[in-house]
Amino acid sequence: MTRGTLIRANLKRRLRRTVLTVLGLGVALFLFVTLKTFLHTLTTLGDVGSETRLIISNKLGIVFDLPLAYRARLSTMQGVDKVSYATWFGATYQEPGSGFFANFAIDPDTYFALYPEIVLTPEEKQAFMADRTGAIVGVRLMERFGWKLGQTVPLRGTIYPGEHRFTIRGVYHAGKKGFDQTSMMFHHRYVEELVRASGGGSTAGWYILNLTDPQTAPGIASAIDGLYENSSSPTRSQTEKAFNLNFVGLYGNIGFFLNAIGMAVVFAILLVAANTMAMSARERFGEIAILKTLGFTDAAVLRLVVAEAVVICGLGLVVGLGGALIAFNVVQFDMGGFIPGLSVTPGIALVAIAIALVIATISSLVPAWQSARLQVVEALRFVA
Amino acid sequence: MSLVNVRGVSKVFHRDAMEISVLDGLNLTIDKGEFVALMGPSGSGKSTLLNLLAGLDRPTSGGIDIEGNDITKLKPTALASWRARHVGFIFQLYNLIPVLTALQNVELPLLLTPLKKKERREHAETALRLVGLSERMHHFPRQLSGGQEQRVGIARAIVTDPTLILADEPTGDLDARSAEEILQLLSRLNTEFHKTIIMVTHDPHAAERAGRTVHLEKGTLLNTEEMNAVNAGAGR
C-alpha cells in the first residue's frame with residue numbers, strides 16, 4: 001500500500017467516469033495535435049521549394065495549360081540554365097476519392113536534371129526511360145498501396161477519360177528532407193499522344209526553369225510574364241518556393257480557424273475535466289475528513305487531489321499524443337494522400353504535454369484547495 | 001500519572017447570529033492507562049470534547065495538555081502530524097475507505113510514518129490479527145459485517161501504537177453481540193496493552209467496561225453528588 005494505491009483506488013471508484021474523461025481528453029489532445037501537425041506541414045511545404053527554380057504556369061490558374069511551343073523561347077532567355085515541363089494528370093487508383101494521389105506527366109529527358117532530389121538507381125532510371133508506359137513512384141506511395149516494382153497499375157482517368165495502365169519501373173526516394181515521396185510520374189509523351197488523339201495541340205501544364213543565379217529570379221519572372229502578357233495563354237512566373245506557398249496561402253485563413261477550433265476544443269475539455277475533478281472531490285469530502293483525522297496534513301490532501309488530476313490528464317495525453325504519434329509518425333497516415341509527410345514534431349508534442357499539465361493544474365486547483373481547507377468536524381458530521 | 005489535562009475549556013459555536021455554548025470552562029484529568037467512558041445526553045458536548053482531545057477542533061478558550069504538550073497551541077500542520085503519532089480514532093459508523101481493502105485501510109495511517117512498505121504491511125497484518133480479522137484482510141468494507149468493519153476501524157486506530165485511543169460511540173451502530181465483542185476488544189486493549197481509552201457512549205452497559213465514567217451535562221462535568229443523582233434516576 002502506497003499513496004499510489006490510494007490514487008489508483010480513487011480513480012477506479014467511478015471507472016466509467018474516469019475512462020470517459022480520459023477518452024475526452026485524449027480525443028481533444030489528438031485533435032489539437034492533428035491540427036497543429038497539419039498546419040505545421042502546410043507551412044513547411046514552402047521550405048522544400050527551391051529558390052533557383054522558377055515555375056511558369058498559366059495566369060488563369062494551374063488547371064489551364066500552356067503551349068508546348070513556349071519551351072524553345074524560355075530556353076533562350078538569359079540567366080536560364082535548364083528548362084523542363086510537366087502536366088497534371090489527376091487520375092485515381094481504384095475508387096475516386098480514396099485512391100487520390102499526385103500523378104503527373106514529366107519530360108524525363110530534362111526533368112531529372114532539374115530535380116536532383118529525385119533519387120533513382122541508374123538501372124531503374126534506364127528502365128523508365130525505355131518504357132513509354134513506364135512510371136516512377138515515390139516510396140511512400142508504394143507502401144501505401146503495397147505496390148511492387150514491375151507491377152502494372154491501372155489508373156482511372158478524370159481529366160483524361162478511360163483506363164490508363166502504367167508499369168512501375170522505378171521507386172524514387174527523397175534526396176532532401178521533406179521532399180515529396182508520394183507521387184507517380186510518367187512520360188509526358190503519353191499525355192501528348194492522348195491530347196493529339198482527341199484533336200488537341202501540344203501543351204504543358206507548367207514549365208520549370210533552372211536559373212544560374214537566384215538573385216535574377218524576379219527580373220526573369222517579370223520578363224517572361226511581360227513577354228506573354230498579350231498572348232492567348234498569359235503566364236504567371238514565380239519561384240518554386242513562392243509557388244508552394246501559394247498552396248499554403250489557400251489554407252491561410254483556414255489555419256486561423258483551425259487553430260481557434262483546436263483551442264476551443266482544449267478549453268471545452270478543460271471545463272469537463274474541472275467538473276469531473278470537482279465532482280470527484282465533492283463526493284469524497286467525508287473520506288478526505290477521515291484522512292485528515294488520521295493525520296494527513298492539508299498539503300498531503302492537496303497533493304493527492306492534484307495527483308489524481310495529473311494521472312487522468314497523463315492518461316489522456318497518452319491516448320491523444322500517443323494516438324497522433326502512431327497515426328502520423330508510425331503508420332504515416334497522410335489523409336488519403338491529401339497531405340503527405342504529416343509528422344508530429346517534438347515542438348508540437350511538447351505543446352501537447354504543456355496543455356495536459358495546464359489542464360491538470362487548473363482542473364484540480366479549486367477541488368484541491370477546497371479539500372485542503374476542509375473543516376474536519378463539519379465534514380465528519382456530513383458523513384454521519 | 002496524568003496523560004490528559006483539560007484546563008477550563010470552553011467551546012462556543014456560531015450559527016448565523018446565534019452563539020451556542022457547548023462546553024463551559026470544563027476541567028478534566030485522565031491518567032495514563034485509564035479507560036474513561038464519557039456519558040451524557042445529546043447536545044451535552046461529549047463529541048465536541050472528543051474532537052478537541054483529538055485536535056480536530058480548537059477550543060474557544062482554555063488549554064488541553066496531552067503528555068505535557070498544549071495541543072491548542074500547535075499550528076495546523078504540526079497538529080495533523082501530532083494526531084498521526086498520538087491519536088487513534090474510532091468512529092461510530094466505522095468510516096472505512098470503501099475502495100480499499102481491510103488491510104489497506106489499516107495501512108493508511110502508516111503512510112504518514114517513516115516505515116518501509118514491507119514494515120507497514122507487517123504492522124497492519126499484526127493489528128488485524130489482534131482484532132481477529134486475519135482471515136478477512138483482503139475483503140473490502142462492503143464484504144464485511146458491521147462488527148467486522150468496526151474491528152477494522154479499531155485495528156486502524158491502534159496500528160500506529162498511539163498514546164490515546166478516542167472512540168465516538170463505537171457500539172452505537174451495532175447489534176448486541178457485535179457490540180459486546182467490540183467492548184471486549186477495547187477492554188483487552190486497556191488491560192493487556194495498557195492503552196488509554198476515552199469512549200463516548202450513551203449505553204450504560206458499555207460504560208460499565210470503563211474504569212471510570214464521566215458525565216457531561218450542558219457543557220460541564222457533573223460532580224459526584226450530581227452523578228449519584230443521575231445514577232439513582234437511572235436505577236428507578
# chains A, B, ... in the order shown; residues from 1 in each chain; ligands from 1
$ residues_around --residues "Lys292 of chain A" --least-positions-apart "4" --cutoff "12 Å" --atoms "only C-alpha atoms" --output "ChimeraX atom specification"
/A:285-288,296-302,371-377,379-380 /B:54-57,76-77,79-84,87,89,108-109,112
$ closest_atom_pairs --of "segment 26-130 of chain B" --to "segment 5-20 of chain B" --cutoff "12 Å" --atoms "only C-alpha atoms" --output "Markdown table"
| residue | atom | partner | partner_atom | distance |
| --- | --- | --- | --- | --- |
| B:Leu26 | CA | B:Gly8 | CA | 4.7 |
| B:Asn27 | CA | B:Arg7 | CA | 4.9 |
| B:Leu28 | CA | B:Val6 | CA | 4.9 |
| B:Thr29 | CA | B:Asn5 | CA | 4.6 |
| B:Ile30 | CA | B:Asn5 | CA | 6.6 |
| B:Asp31 | CA | B:Asn5 | CA | 8.7 |
| B:Lys32 | CA | B:Asn5 | CA | 10.9 |
| B:Gly43 | CA | B:Ile20 | CA | 10.5 |
| B:Ser44 | CA | B:Ile20 | CA | 11.7 |
| B:Gly45 | CA | B:Lys11 | CA | 9.0 |
| B:Lys46 | CA | B:Lys11 | CA | 11.7 |
| B:Ser47 | CA | B:Lys11 | CA | 11.8 |
| B:Thr48 | CA | B:Lys11 | CA | 8.2 |
| B:Leu49 | CA | B:Lys11 | CA | 8.8 |
| B:Leu50 | CA | B:Val6 | CA | 11.3 |
| B:Asn51 | CA | B:Lys11 | CA | 11.1 |
| B:Leu52 | CA | B:Lys11 | CA | 9.2 |
| B:Leu53 | CA | B:Val6 | CA | 8.5 |
| B:Asp57 | CA | B:Lys11 | CA | 9.5 |
| B:Arg58 | CA | B:Lys11 | CA | 8.0 |
| B:Pro59 | CA | B:Lys11 | CA | 5.0 |
| B:Thr60 | CA | B:Lys11 | CA | 4.8 |
| B:Ser61 | CA | B:Ser10 | CA | 5.2 |
| B:Gly62 | CA | B:Val9 | CA | 4.2 |
| B:Gly63 | CA | B:Arg7 | CA | 5.2 |
| B:Ile64 | CA | B:Val6 | CA | 4.6 |
| B:Asp65 | CA | B:Asn5 | CA | 5.0 |
| B:Ile66 | CA | B:Asn5 | CA | 6.4 |
| B:Glu67 | CA | B:Asn5 | CA | 8.5 |
| B:Gly68 | CA | B:Asn5 | CA | 8.2 |
| B:Asn69 | CA | B:Asn5 | CA | 9.6 |
| B:Asp70 | CA | B:Asn5 | CA | 9.0 |
| B:Ile71 | CA | B:Val6 | CA | 10.5 |
| B:Thr72 | CA | B:Val9 | CA | 10.3 |
$ closest_atom_pairs --of "chain A" --to "chain B" --cutoff "6 Å" --atoms "only C-alpha atoms" --output "Markdown table"
| residue | atom | partner | partner_atom | distance |
| --- | --- | --- | --- | --- |
| A:Ala9 | CA | B:Val99 | CA | 5.8 |
| A:Leu294 | CA | B:Ala84 | CA | 5.6 |
| A:Gly295 | CA | B:Ala84 | CA | 4.1 |
| A:Thr297 | CA | B:Ala80 | CA | 5.5 |
$ closest_residue --among "A:Pro367, A:Gly162, A:Gly61, A:Pro67" --to "Glu283 of chain A" --atoms "only C-alpha atoms"
A:Pro367
$ residues_around --residues "Ala167 of chain B" --least-positions-apart "3" --cutoff "6 Å" --atoms "only C-alpha atoms" --output "list of chain:residue names"
B:Phe89, B:Ile90, B:Pro170, B:Met199
$ write_last_selection --atoms "N, CA and C atoms" --output "mmCIF file, in the first residue's frame"
data_model
loop_
_atom_site.group_PDB
_atom_site.id
_atom_site.type_symbol
_atom_site.label_atom_id
_atom_site.label_comp_id
_atom_site.auth_asym_id
_atom_site.auth_seq_id
_atom_site.Cartn_x
_atom_site.Cartn_y
_atom_site.Cartn_z
ATOM 1 N N PHE B 89 -8.383 7.069 16.299
ATOM 2 C CA PHE B 89 -9.788 7.494 16.390
ATOM 3 C C PHE B 89 -10.697 6.384 15.876
ATOM 4 N N ILE B 90 -11.692 6.033 16.717
ATOM 5 C CA ILE B 90 -12.679 5.022 16.306
ATOM 6 C C ILE B 90 -14.023 5.729 16.143
ATOM 7 N N PRO B 170 -18.564 3.728 19.747
ATOM 8 C CA PRO B 170 -18.095 2.654 18.859
ATOM 9 C C PRO B 170 -19.092 1.506 18.705
ATOM 10 N N MET B 199 -13.929 6.898 25.701
ATOM 11 C CA MET B 199 -15.030 6.418 24.861
ATOM 12 C C MET B 199 -16.317 7.202 25.144
#
$ residues_around --residues "Tyr172 of chain A" --least-positions-apart "6" --cutoff "12 Å" --atoms "only C-alpha atoms" --output "PyMOL selection string"
chain A and resi 112+115-125+128+135-142+149+179-185
$ write_last_selection --atoms "N, CA, C and O atoms" --output "short mmCIF file (atom, residue, chain, number, x, y, z; two decimals), in the first residue's frame"
data_model
loop_
_atom_site.label_atom_id
_atom_site.label_comp_id
_atom_site.auth_asym_id
_atom_site.auth_seq_id
_atom_site.Cartn_x
_atom_site.Cartn_y
_atom_site.Cartn_z
N PHE A 112 14.76 15.21 -64.64
CA PHE A 112 15.66 14.71 -63.59
C PHE A 112 16.85 15.65 -63.36
O PHE A 112 17.36 15.75 -62.26
N TYR A 115 15.62 18.19 -61.02
CA TYR A 115 15.23 17.70 -59.68
C TYR A 115 16.20 16.63 -59.17
O TYR A 115 15.89 15.44 -59.18
N PRO A 116 17.35 17.06 -58.70
CA PRO A 116 18.30 16.08 -58.13
C PRO A 116 17.75 15.44 -56.86
O PRO A 116 18.28 14.44 -56.39
N GLU A 117 16.64 16.02 -56.31
CA GLU A 117 16.02 15.45 -55.10
C GLU A 117 15.40 14.09 -55.39
O GLU A 117 15.16 13.31 -54.47
N ILE A 118 15.10 13.81 -56.68
CA ILE A 118 14.52 12.51 -57.04
C ILE A 118 15.66 11.51 -57.21
O ILE A 118 16.46 11.62 -58.14
N VAL A 119 15.74 10.59 -56.25
CA VAL A 119 16.85 9.64 -56.25
C VAL A 119 16.37 8.29 -56.77
O VAL A 119 15.48 7.66 -56.19
N LEU A 120 16.97 7.86 -57.89
CA LEU A 120 16.64 6.57 -58.53
C LEU A 120 17.95 5.83 -58.79
O LEU A 120 19.00 6.47 -58.99
N THR A 121 17.90 4.52 -58.83
CA THR A 121 19.11 3.78 -59.22
C THR A 121 19.27 3.95 -60.73
O THR A 121 18.27 4.13 -61.45
N PRO A 122 20.49 3.89 -61.23
CA PRO A 122 20.69 4.04 -62.69
C PRO A 122 19.89 3.01 -63.47
O PRO A 122 19.36 3.32 -64.55
N GLU A 123 19.79 1.78 -62.94
CA GLU A 123 19.05 0.71 -63.64
C GLU A 123 17.57 1.07 -63.74
O GLU A 123 16.95 0.90 -64.80
N GLU A 124 17.01 1.56 -62.65
CA GLU A 124 15.58 1.92 -62.64
C GLU A 124 15.33 3.10 -63.58
O GLU A 124 14.33 3.11 -64.32
N LYS A 125 16.26 4.05 -63.57
CA LYS A 125 16.10 5.22 -64.42
C LYS A 125 16.12 4.80 -65.89
O LYS A 125 15.27 5.24 -66.69
N PHE A 128 12.93 3.04 -66.86
CA PHE A 128 11.84 4.01 -67.01
C PHE A 128 11.95 4.75 -68.35
O PHE A 128 10.96 4.89 -69.09
N ALA A 135 6.49 4.13 -65.33
CA ALA A 135 6.26 5.20 -64.34
C ALA A 135 7.28 5.05 -63.22
O ALA A 135 7.80 3.95 -62.98
N ILE A 136 7.55 6.15 -62.57
CA ILE A 136 8.33 6.08 -61.33
C ILE A 136 7.38 6.51 -60.20
O ILE A 136 6.53 7.38 -60.38
N VAL A 137 7.55 5.85 -59.05
CA VAL A 137 6.61 6.05 -57.94
C VAL A 137 7.41 6.32 -56.66
O VAL A 137 8.43 5.66 -56.40
N GLY A 138 6.93 7.28 -55.86
CA GLY A 138 7.56 7.59 -54.57
C GLY A 138 7.42 6.41 -53.61
O GLY A 138 6.42 5.69 -53.63
N VAL A 139 8.44 6.24 -52.77
CA VAL A 139 8.48 5.07 -51.88
C VAL A 139 7.29 5.03 -50.92
O VAL A 139 6.75 3.96 -50.62
N ARG A 140 6.82 6.18 -50.49
CA ARG A 140 5.69 6.22 -49.56
C ARG A 140 4.39 5.79 -50.24
O ARG A 140 3.53 5.16 -49.64
N LEU A 141 4.27 6.16 -51.54
CA LEU A 141 3.08 5.76 -52.29
C LEU A 141 3.09 4.24 -52.53
O LEU A 141 2.04 3.59 -52.48
N MET A 142 4.29 3.72 -52.77
CA MET A 142 4.44 2.26 -52.95
C MET A 142 3.95 1.54 -51.69
O MET A 142 3.21 0.55 -51.76
N LEU A 149 7.69 -3.30 -57.58
CA LEU A 149 8.43 -2.87 -58.77
C LEU A 149 8.08 -3.83 -59.92
O LEU A 149 8.06 -5.05 -59.73
N PHE A 179 11.11 16.42 -49.04
CA PHE A 179 10.70 16.33 -50.44
C PHE A 179 9.65 15.23 -50.59
O PHE A 179 9.76 14.16 -50.01
N ASP A 180 8.64 15.51 -51.39
CA ASP A 180 7.51 14.59 -51.55
C ASP A 180 7.94 13.20 -52.05
O ASP A 180 8.74 13.07 -52.97
N GLN A 181 7.39 12.17 -51.43
CA GLN A 181 7.68 10.78 -51.86
C GLN A 181 6.38 10.03 -52.12
O GLN A 181 6.31 8.82 -51.95
N THR A 182 5.33 10.80 -52.45
CA THR A 182 4.02 10.15 -52.59
C THR A 182 3.43 10.37 -53.98
O THR A 182 2.21 10.32 -54.15
N SER A 183 4.28 10.65 -54.97
CA SER A 183 3.76 10.95 -56.32
C SER A 183 4.11 9.83 -57.30
O SER A 183 5.02 9.04 -57.05
N MET A 184 3.36 9.84 -58.39
CA MET A 184 3.68 8.96 -59.52
C MET A 184 3.96 9.86 -60.72
O MET A 184 3.23 10.83 -60.98
N MET A 185 5.04 9.57 -61.43
CA MET A 185 5.37 10.36 -62.64
C MET A 185 5.56 9.41 -63.81
O MET A 185 6.08 8.30 -63.63
#
$ residues_around --residues "Arg212 of chain B" --least-positions-apart "5" --cutoff "7 Å" --atoms "only C-alpha atoms" --output "list in words"
Phe35, Val36 and Ala37 of chain B
$ write_last_selection --atoms "N, CA, C and O atoms" --output "CSV table (one decimal), in the first residue's frame"
chain,number,residue,atom,x,y,z
B,35,PHE,N,-9.3,3.9,31.3
B,35,PHE,CA,-10.3,3.6,30.3
B,35,PHE,C,-11.5,4.4,30.8
B,35,PHE,O,-12.1,4.1,31.8
B,36,VAL,N,-11.8,5.6,30.2
B,36,VAL,CA,-12.8,6.5,30.6
B,36,VAL,C,-14.0,6.5,29.7
B,36,VAL,O,-13.8,6.6,28.5
B,37,ALA,N,-15.2,6.4,30.3
B,37,ALA,CA,-16.4,6.5,29.5
B,37,ALA,C,-16.9,7.9,29.7
B,37,ALA,O,-17.0,8.4,30.8
$ residues_around --residues "Phe64 of chain A" --least-positions-apart "4" --cutoff "10 Å" --atoms "only C-alpha atoms" --output "PyMOL selection string"
chain A and resi 57-60+87-88+203-206+233
$ write_last_selection --atoms "N, CA and C atoms" --output "CSV table (one decimal), in the first residue's frame"
chain,number,residue,atom,x,y,z
A,57,SER,N,3.4,29.0,-64.9
A,57,SER,CA,2.1,28.4,-65.1
A,57,SER,C,1.2,29.4,-65.8
A,58,ASN,N,0.0,28.9,-66.2
A,58,ASN,CA,-1.0,29.8,-66.8
A,58,ASN,C,-1.5,30.8,-65.8
A,59,LYS,N,-1.6,32.1,-66.2
A,59,LYS,CA,-2.0,33.1,-65.3
A,59,LYS,C,-3.4,32.9,-64.8
A,60,LEU,N,-4.2,32.1,-65.5
A,60,LEU,CA,-5.6,31.9,-65.1
A,60,LEU,C,-5.7,30.8,-64.0
A,87,THR,N,2.8,18.0,-66.6
A,87,THR,CA,1.3,18.2,-66.8
A,87,THR,C,0.6,17.4,-65.7
A,88,TRP,N,-0.3,18.0,-65.1
A,88,TRP,CA,-1.1,17.3,-64.0
A,88,TRP,C,-2.0,16.3,-64.7
A,203,THR,N,0.6,20.7,-75.4
A,203,THR,CA,0.6,21.6,-74.3
A,203,THR,C,1.4,21.1,-73.1
A,204,ALA,N,1.7,21.9,-72.2
A,204,ALA,CA,2.3,21.5,-70.9
A,204,ALA,C,1.5,22.2,-69.8
A,205,GLY,N,1.5,21.6,-68.7
A,205,GLY,CA,0.8,22.1,-67.5
A,205,GLY,C,1.5,23.3,-66.9
A,206,TRP,N,2.8,23.1,-66.8
A,206,TRP,CA,3.7,24.2,-66.3
A,206,TRP,C,5.1,23.9,-66.7
A,233,SER,N,-2.3,32.7,-74.0
A,233,SER,CA,-2.0,32.0,-72.7
A,233,SER,C,-1.0,32.8,-71.9
$ atom_distance --atom1 "atom CA of Gly170 of chain A" --atom2 "atom CA of Gly134 of chain A"
8.5 Å
$ closest_residue --among "A:Val33, A:Met77, A:Ala273, A:Leu68" --to "Leu227 of chain A" --atoms "only C-alpha atoms"
A:Met77
$ residues_around --residues "Thr126 of chain B" --least-positions-apart "3" --cutoff "12 Å" --atoms "only C-alpha atoms" --output "list in words"
Leu103, Val106, Glu107, Glu119, Arg120, Arg121, Glu122, His123, Arg129, Leu130, Val131, Gly132, Leu133, Ser134, Met137, Val152, Ala155, Arg156, Ile158, Val159, Thr160 and Asp161 of chain B
$ write_last_selection --atoms "N, CA, C and O atoms" --output "compact mmCIF listing (two decimals), in the first residue's frame"
# COMPACT_ATOMS: atom_id res chain seq x y z
N LEU B 103 -6.97 -4.56 4.89
CA LEU B 103 -5.53 -4.39 5.12
C LEU B 103 -5.07 -3.00 4.70
O LEU B 103 -4.32 -2.33 5.43
N VAL B 106 -6.15 -0.34 7.12
CA VAL B 106 -5.35 -0.32 8.34
C VAL B 106 -3.96 0.25 8.06
O VAL B 106 -3.37 0.91 8.91
N GLU B 107 -3.47 0.03 6.85
CA GLU B 107 -2.14 0.56 6.49
C GLU B 107 -2.15 2.07 6.30
O GLU B 107 -1.10 2.71 6.38
N GLU B 119 7.36 -3.16 6.13
CA GLU B 119 7.09 -2.98 7.57
C GLU B 119 5.64 -2.53 7.79
O GLU B 119 4.98 -2.98 8.73
N ARG B 120 5.19 -1.64 6.91
CA ARG B 120 3.81 -1.16 7.04
C ARG B 120 2.83 -2.32 6.93
O ARG B 120 1.89 -2.45 7.71
N ARG B 121 3.10 -3.17 5.98
CA ARG B 121 2.22 -4.32 5.76
C ARG B 121 2.24 -5.24 6.98
O ARG B 121 1.20 -5.71 7.44
N GLU B 122 3.43 -5.47 7.52
CA GLU B 122 3.56 -6.36 8.68
C GLU B 122 2.80 -5.80 9.89
O GLU B 122 2.10 -6.52 10.59
N HIS B 123 2.96 -4.48 10.10
CA HIS B 123 2.26 -3.84 11.21
C HIS B 123 0.74 -3.97 11.05
O HIS B 123 0.03 -4.28 12.00
N ARG B 129 -4.69 -9.12 12.99
CA ARG B 129 -4.69 -10.40 13.74
C ARG B 129 -5.18 -10.15 15.16
O ARG B 129 -5.94 -10.92 15.72
N LEU B 130 -4.73 -9.03 15.73
CA LEU B 130 -5.09 -8.70 17.11
C LEU B 130 -6.60 -8.53 17.28
O LEU B 130 -7.17 -8.90 18.32
N VAL B 131 -7.25 -8.00 16.24
CA VAL B 131 -8.71 -7.82 16.34
C VAL B 131 -9.46 -9.03 15.76
O VAL B 131 -10.68 -8.99 15.60
N GLY B 132 -8.70 -10.07 15.44
CA GLY B 132 -9.32 -11.33 14.99
C GLY B 132 -9.82 -11.30 13.56
O GLY B 132 -10.80 -11.98 13.23
N LEU B 133 -9.16 -10.53 12.70
CA LEU B 133 -9.63 -10.45 11.31
C LEU B 133 -8.56 -10.87 10.29
O LEU B 133 -8.58 -10.40 9.14
N SER B 134 -7.68 -11.75 10.71
CA SER B 134 -6.61 -12.15 9.78
C SER B 134 -7.16 -12.86 8.55
O SER B 134 -6.53 -12.86 7.50
N MET B 137 -8.51 -10.01 5.67
CA MET B 137 -7.62 -8.88 5.34
C MET B 137 -7.87 -8.28 3.96
O MET B 137 -7.74 -7.08 3.76
N VAL B 152 -12.05 -3.57 12.02
CA VAL B 152 -11.03 -2.98 11.12
C VAL B 152 -10.75 -1.54 11.58
O VAL B 152 -9.59 -1.10 11.62
N ALA B 155 -8.47 -1.73 14.47
CA ALA B 155 -7.12 -2.07 14.01
C ALA B 155 -6.43 -0.83 13.43
O ALA B 155 -5.25 -0.59 13.68
N ARG B 156 -7.21 -0.04 12.65
CA ARG B 156 -6.65 1.19 12.07
C ARG B 156 -6.26 2.18 13.16
O ARG B 156 -5.26 2.90 13.05
N ILE B 158 -5.28 1.45 16.24
CA ILE B 158 -4.17 1.04 17.11
C ILE B 158 -2.87 0.76 16.34
O ILE B 158 -1.82 0.58 16.95
N VAL B 159 -2.95 0.75 15.01
CA VAL B 159 -1.80 0.29 14.22
C VAL B 159 -0.55 1.16 14.41
O VAL B 159 0.57 0.69 14.28
N THR B 160 -0.75 2.44 14.73
CA THR B 160 0.40 3.33 14.91
C THR B 160 0.86 3.35 16.37
O THR B 160 1.74 4.12 16.72
N ASP B 161 0.25 2.50 17.20
CA ASP B 161 0.54 2.45 18.63
C ASP B 161 0.41 3.84 19.25
O ASP B 161 1.36 4.40 19.80
$ atom_distance --atom1 "atom CA of Gly226 of chain A" --atom2 "atom CA of Val195 of chain A"
28.2 Å
$ atom_distance --atom1 "atom CA of Glu169 of chain B" --atom2 "atom CA of Val4 of chain B"
19.9 Å
$ closest_residue --among "B:Asn190, B:Thr163, B:Ser178, B:Thr213" --to "Gln150 of chain B" --atoms "only C-alpha atoms"
B:Ser178
$ select_by_dssp --residues "segment 166-287 of chain A" --states "strand (DSSP E or B)" --output "PyMOL selection string"
chain A and resi 166-174+183-187+203-204+206-211+235-239
$ select_by_dssp --residues "segment 46-147 of chain B" --states "helix (DSSP H, G or I)" --output "ChimeraX atom specification"
/B:46-53,71-73,76-86,102-112,117-130,134-136,141-143,146-147
